[in-house]
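Okay, so here's the structure we're looking at.
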Amino acid sequence: MNGSPTDWLDTDAPPATEVLHVDVDGYEGPLDLLLDMARRQKVDLAAISILALAEQYLAFIERVRERRIEVAADYLVMAAWLAYLKSRLMVPQAPDDDEPSGEMLAAMLQFRLKRLEAMRLAASRLLGRPRLGLQIYSRGAPEPLEIARKSIWEASYYELLKAYSAQRERGAVTEYRPYTRTVWSLQDARDILQRLIGDSAEWVAMDTYLEQYLARPDERATVRASTFASSLELVRQGEIEVRQSETFGPILLRRRKREQP
Amino acid sequence: MSDEDADYGDVRERQLRIIEALLFASAEPLSLAEMSPYVGDGANLPALIEELRALYANRGVNLVRRGDRWAFRTAEDLGFLLRREEEETRPLSRAALETLAIIAYHQPTTRAEIEEVRGVAVGKGTMDILMEAGWVRMRGRRRTPGRPVTYGTTEAFLDHFGLEHLSDLPGLDELKGAGLLSSRLPPSLQIPLPFDGALREDEDPLAPDDMGEAQGDDE
Amino acid sequence: MSDEDADYGDVRERQLRIIEALLFASAEPLSLAEMSPYVGDGANLPALIEELRALYANRGVNLVRRGDRWAFRTAEDLGFLLRREEEETRPLSRAALETLAIIAYHQPTTRAEIEEVRGVAVGKGTMDILMEAGWVRMRGRRRTPGRPVTYGTTEAFLDHFGLEHLSDLPGLDELKGAGLLSSRLPPSLQIPLPFDGALREDEDPLAPDDMGEAQGDDE
């Protein structure tokens, strides 16, 4: 490992005497302060005197408070706990005492200090590893995947046949409509007849006039009936004359001669 | 081999590794000048690059030259790896389904004929989907004014719908029997006999470059 | 060598090239499942990966494992050479670094447990930084009163710190031996090991919209 990139672990703490007169801003909580004090004892945490450490911490907090420097609640809670620990360590435990012994409390504090120190060392070792983007590199010019979405279409045979049938039925219904529309109204027939006869004074068979409309067999009846009814109406109005020379013979039509003014 | 040779081999091997790592990590192709500071003055960079190029020549990644610079790139024959197709199953739209059905029964048929049955225009997108699905193909061009493209179905169409032959498509009576067609339809309603064989007499083959665009002025 | 053997060799060589190209092309580590569609069902991916790993073991670029994924990375021993001074980004705060270490070694762990180890509250900003860096993730919620969120590390964490598995965390064995991975005192007989696998029995999955806010009143 090429040196420790972290600086916080290796930075020399301020001299002890000074620390004890300075506020606690530089510490990350009471455990951090305790750990710093313990490290100053320059012995393994396992061999540390928890009692001495507690006394040191309490004395420090006392001095800080004498100077009317505000101390975060965390530090005071720790101070209270250490005072309790100290009392448990100094007074022999009564037989009926259910609370944890002073030794147990001291071991708990010692464990927490060791654990915090271990985590710091672990953090430092992590940082000391060859890190991605610092010593280790990934591909500088990655070639990204282009994803083309391809649709797989789904349709069932039944849907296909249904689609076809439905369209043909729809088409068949629209084809029906013109048939119903080809019933000639009397007005239609009258207008057409007027136009066809025009000013013709010659007798012309009605079927001749209607030749182009009689081509479709299914329309023949309606065309004839409407036209004949209209012709009678036109006769009544004095517009045309109608003649039929024999039964079922052709019906002849001509414009009625206007009275000379 | 003398110790010196071994040392020389080690040095060269290390230089190769450094260039390899540099080229791998770089976002841009690198010139010899850019690599030089990393391997030291004594290095024969062109020879090293050539050795590396040969080493990767048959690999999944090749060392390629880009102008005066060098870079690793995915081997050309594996380029398809980087363009993956993702398949997505989607139901055919109603317009596409109807158009497909008409083509199936009326083939060979033109767009105008399809529109006549449908009563609405057939969008280009609809045809594209059917052709992309592989179910519809352009057969040829009808020998009528405007030379409209004739469309028909494909073998993939038969496959997808489980038909052996196009003649397996049910006729009028069968559709009525299946309740798909009402029995009160006008007697004039006819169902054509679909035909997907070779080109008919009134069909011309498509030219190889015929993309199906309208020709003349009638379409 | 029989023709069959030759064919087999060709197929295998091609599969090897495909995996090589895929891993080279990707900046992120790839899982076997991600590579599998490209080489076909018949491929023995673990064997191919191992072959590729061995092939690159002494190169300037190595094939490394990151959790359940694989990636090409420049060789560790060339780190000092390739180190780009200017790229040293905003260094992590001491609080963030300690929190990261505690999560890594104690995972799955809760905020309360992290605070217990550090003896001080964990600011919300600290967690955010670690999650934003992509190194820490919310795993689930512990089945205890208050249902606190459990935190763990990600594959990006392994990738960033060059770890194959969580078990490669530096000093893990010593810490375990010293009973320092226990969150409770006295060190219990069973020392928990950091665990970044699927949710444990005492963890519930996060709801999709769970943003990690405190639930209940104990957290």
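Within each chain, counting starts at residue 1; across the structure tokens, chains are named A, B, ... in the order shown, with ligands numbered 1 upward in that order.
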Per residue of stretch 51-111 of chain C within 8 Å of stretch 29-38 of chain C, which atom pair is closest and at what distance in Å (one decimal), using only C-alpha atoms, listed by chain and increasing number, as CSV?
```
residue,atom,partner,partner_atom,distance
C:Arg66,CA,C:Pro29,CA,7.0
C:Asp68,CA,C:Ser31,CA,6.0
C:Arg69,CA,C:Ser31,CA,4.2
C:Trp70,CA,C:Pro29,CA,4.8
C:Ala71,CA,C:Pro29,CA,4.4
C:Phe72,CA,C:Pro29,CA,7.8
```
- [ ] Once chain C is fitted onto chain B over all Cα atoms in order, please give the RMSD.
- [x]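 The RMSD between chain C and chain B over C-alpha atoms is 18.0 Å.
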TODO: Can you list, as a ChimeraX atom specification, all residues belonging to stretch 23-175 of chain B that DSSP tags as alpha helix (DSSP H)?
DONE: /B:23-25,32-39,45-56,94-106,111-118,124-132,155-160,172-175
Can you write out as CSV which residues of chain A fall within 10 Å of chain B, alongside each residue's closest atom pair and its distance in Å to one decimal, counting only C-alpha atoms and ordering rows by chain and ascending residue number?
```
residue,atom,partner,partner_atom,distance
A:Gly133,CA,B:Ala25,CA,9.5
A:Ile136,CA,B:Ala25,CA,8.8
A:Tyr137,CA,B:Ala25,CA,5.6
A:Ser138,CA,B:Ala25,CA,5.9
A:Arg139,CA,B:Ala25,CA,4.9
A:Gly140,CA,B:Ala27,CA,4.0
A:Ala141,CA,B:Ala27,CA,4.4
A:Pro142,CA,B:Ala27,CA,8.0
A:Glu143,CA,B:Leu82,CA,7.5
A:Pro144,CA,B:Leu82,CA,6.8
A:Leu145,CA,B:Leu82,CA,4.5
A:Glu146,CA,B:Arg83,CA,4.6
A:Ile147,CA,B:Arg84,CA,4.9
A:Ala148,CA,B:Glu85,CA,4.7
A:Arg149,CA,B:Glu86,CA,4.8
A:Lys150,CA,B:Glu87,CA,4.8
A:Ser151,CA,B:Glu88,CA,4.8
A:Ile152,CA,B:Thr89,CA,4.5
A:Trp153,CA,B:Arg90,CA,5.1
A:Glu154,CA,B:Pro91,CA,4.6
A:Ala155,CA,B:Leu92,CA,5.9
A:Ser156,CA,B:Phe161,CA,6.7
A:Tyr157,CA,B:Phe161,CA,5.3
A:Tyr158,CA,B:Phe161,CA,9.0
A:Glu159,CA,B:Leu97,CA,7.7
A:Leu160,CA,B:Ala101,CA,5.6
A:Leu161,CA,B:Ala101,CA,6.9
A:Lys162,CA,B:Leu180,CA,6.1
A:Ala163,CA,B:Glu98,CA,5.2
A:Tyr164,CA,B:Ala101,CA,5.2
A:Ser165,CA,B:Leu181,CA,5.6
A:Ala166,CA,B:Leu181,CA,7.3
A:Gln167,CA,B:Arg118,CA,6.3
A:Arg168,CA,B:Val117,CA,7.1
A:Glu169,CA,B:Leu181,CA,6.8
A:Arg170,CA,B:Arg118,CA,8.6
A:Gly171,CA,B:Val117,CA,6.6
A:Ala172,CA,B:Leu189,CA,6.9
A:Val173,CA,B:Leu185,CA,8.2
A:Thr174,CA,B:Gly119,CA,9.8
A:Glu175,CA,B:Pro186,CA,9.2
A:Tyr176,CA,B:Pro186,CA,8.1
```
Output C-alpha atoms of each residue in that selection to a file, as a short mmCIF file (atom, residue, chain, number, x, y, z; two decimals), in the first residue's frame.
```
data_model
loop_
_atom_site.label_atom_id
_atom_site.label_comp_id
_atom_site.auth_asym_id
_atom_site.auth_seq_id
_atom_site.Cartn_x
_atom_site.Cartn_y
_atom_site.Cartn_z
CA GLY A 133 -10.82 6.21 -10.81
CA ILE A 136 -7.57 1.57 -11.08
CA TYR A 137 -9.44 2.44 -14.22
CA SER A 138 -12.39 1.12 -16.06
CA ARG A 139 -12.66 1.37 -19.83
CA GLY A 140 -12.16 5.01 -20.70
CA ALA A 141 -14.23 4.80 -23.85
CA PRO A 142 -16.98 2.33 -23.12
CA GLU A 143 -18.95 1.28 -26.18
CA PRO A 144 -22.56 1.45 -25.15
CA LEU A 145 -25.17 -1.03 -26.22
CA GLU A 146 -27.65 0.21 -28.74
CA ILE A 147 -30.90 -1.47 -28.07
CA ALA A 148 -33.24 -1.66 -31.03
CA ARG A 149 -36.77 -2.51 -30.04
CA LYS A 150 -38.34 -5.02 -32.32
CA SER A 151 -42.02 -5.71 -32.10
CA ILE A 152 -43.38 -9.18 -32.34
CA TRP A 153 -46.94 -8.76 -33.47
CA GLU A 154 -49.62 -10.89 -32.10
CA ALA A 155 -52.94 -11.75 -33.74
CA SER A 156 -55.03 -14.87 -33.53
CA TYR A 157 -56.67 -16.67 -36.42
CA TYR A 158 -60.06 -16.00 -34.91
CA GLU A 159 -59.36 -12.27 -34.72
CA LEU A 160 -58.28 -12.30 -38.33
CA LEU A 161 -61.47 -14.00 -39.53
CA LYS A 162 -63.59 -11.80 -37.29
CA ALA A 163 -61.94 -8.70 -38.67
CA TYR A 164 -62.64 -9.83 -42.22
CA SER A 165 -66.24 -10.85 -41.60
CA ALA A 166 -67.03 -7.68 -39.72
CA GLN A 167 -65.74 -5.53 -42.55
CA ARG A 168 -67.65 -7.41 -45.20
CA GLU A 169 -70.83 -7.16 -43.17
CA ARG A 170 -70.25 -3.47 -42.68
CA GLY A 171 -69.71 -3.08 -46.43
CA ALA A 172 -72.83 -5.09 -47.23
CA VAL A 173 -74.98 -2.83 -45.06
CA THR A 174 -73.79 0.33 -46.78
CA GLU A 175 -74.50 -1.25 -50.18
CA TYR A 176 -78.13 -1.77 -49.12
#
```
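Residue list for chain C within 6 Å of chain B: Arg17, Ile18, Glu20, Ala21, Arg59, Gly60, Val61 and Thr74 of chain C, counting only C-alpha atoms.
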Mind writing the picked residues with all heavy atoms as a CSV table (one decimal), in the first residue's frame?
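To be explicit, this is the file written out as part-v5.csv:
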```
chain,number,residue,atom,x,y,z
C,17,ARG,N,-14.3,-14.7,-27.4
C,17,ARG,CA,-14.1,-13.4,-28.0
C,17,ARG,C,-15.4,-12.5,-27.7
C,17,ARG,O,-15.2,-11.3,-27.5
C,17,ARG,CB,-14.0,-13.5,-29.5
C,17,ARG,CG,-12.6,-14.1,-29.9
C,17,ARG,CD,-12.5,-14.2,-31.4
C,17,ARG,NE,-12.4,-12.8,-32.0
C,17,ARG,CZ,-13.2,-12.4,-33.0
C,17,ARG,NH1,-14.2,-13.2,-33.5
C,17,ARG,NH2,-13.1,-11.2,-33.5
C,18,ILE,N,-16.5,-13.1,-27.7
C,18,ILE,CA,-17.8,-12.4,-27.5
C,18,ILE,C,-17.8,-11.8,-26.0
C,18,ILE,O,-18.0,-10.6,-25.8
C,18,ILE,CB,-19.0,-13.3,-27.7
C,18,ILE,CG1,-19.2,-13.5,-29.2
C,18,ILE,CG2,-20.2,-12.6,-27.1
C,18,ILE,CD1,-20.3,-14.4,-29.6
C,20,GLU,N,-15.2,-11.4,-24.1
C,20,GLU,CA,-14.1,-10.4,-24.0
C,20,GLU,C,-14.6,-9.0,-24.5
C,20,GLU,O,-14.4,-8.0,-23.9
C,20,GLU,CB,-13.0,-10.9,-24.9
C,20,GLU,CG,-11.7,-10.1,-24.8
C,20,GLU,CD,-10.6,-10.8,-25.7
C,20,GLU,OE1,-11.0,-11.4,-26.7
C,20,GLU,OE2,-9.4,-10.7,-25.3
C,21,ALA,N,-15.3,-9.0,-25.7
C,21,ALA,CA,-15.8,-7.8,-26.3
C,21,ALA,C,-16.8,-7.1,-25.4
C,21,ALA,O,-16.8,-5.9,-25.2
C,21,ALA,CB,-16.4,-8.1,-27.7
C,59,ARG,N,-1.6,-9.3,-17.5
C,59,ARG,CA,-1.6,-8.2,-18.5
C,59,ARG,C,-1.7,-6.8,-17.8
C,59,ARG,O,-1.9,-6.8,-16.5
C,59,ARG,CB,-2.8,-8.4,-19.4
C,59,ARG,CG,-3.0,-9.8,-20.0
C,59,ARG,CD,-1.7,-10.2,-20.7
C,59,ARG,NE,-1.3,-9.1,-21.6
C,59,ARG,CZ,-1.5,-9.2,-22.9
C,59,ARG,NH1,-2.0,-10.2,-23.5
C,59,ARG,NH2,-1.1,-8.2,-23.6
C,60,GLY,N,-1.7,-5.8,-18.6
C,60,GLY,CA,-1.9,-4.5,-18.0
C,60,GLY,C,-3.4,-4.2,-17.6
C,60,GLY,O,-3.7,-3.3,-16.9
C,61,VAL,N,-4.2,-5.0,-18.2
C,61,VAL,CA,-5.7,-5.0,-17.8
C,61,VAL,C,-6.0,-6.4,-17.3
C,61,VAL,O,-5.6,-7.4,-17.9
C,61,VAL,CB,-6.5,-4.6,-19.1
C,61,VAL,CG1,-7.9,-4.7,-18.9
C,61,VAL,CG2,-6.1,-3.3,-19.6
C,74,THR,N,-7.8,-1.8,-15.0
C,74,THR,CA,-6.3,-1.8,-15.1
C,74,THR,C,-5.7,-2.4,-14.0
C,74,THR,O,-6.3,-2.5,-12.9
C,74,THR,CB,-5.9,-0.3,-15.2
C,74,THR,OG1,-6.3,0.4,-14.0
C,74,THR,CG2,-6.4,0.4,-16.5
```
Open item on the list: Rounded to one decimal, what separation in Å do you get between atom CA of A:Leu234 and atom CA of A:Gln194?
Closed with: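 Going from atom CA of A:Leu234 over to atom CA of A:Gln194, I get 8.6 Å.
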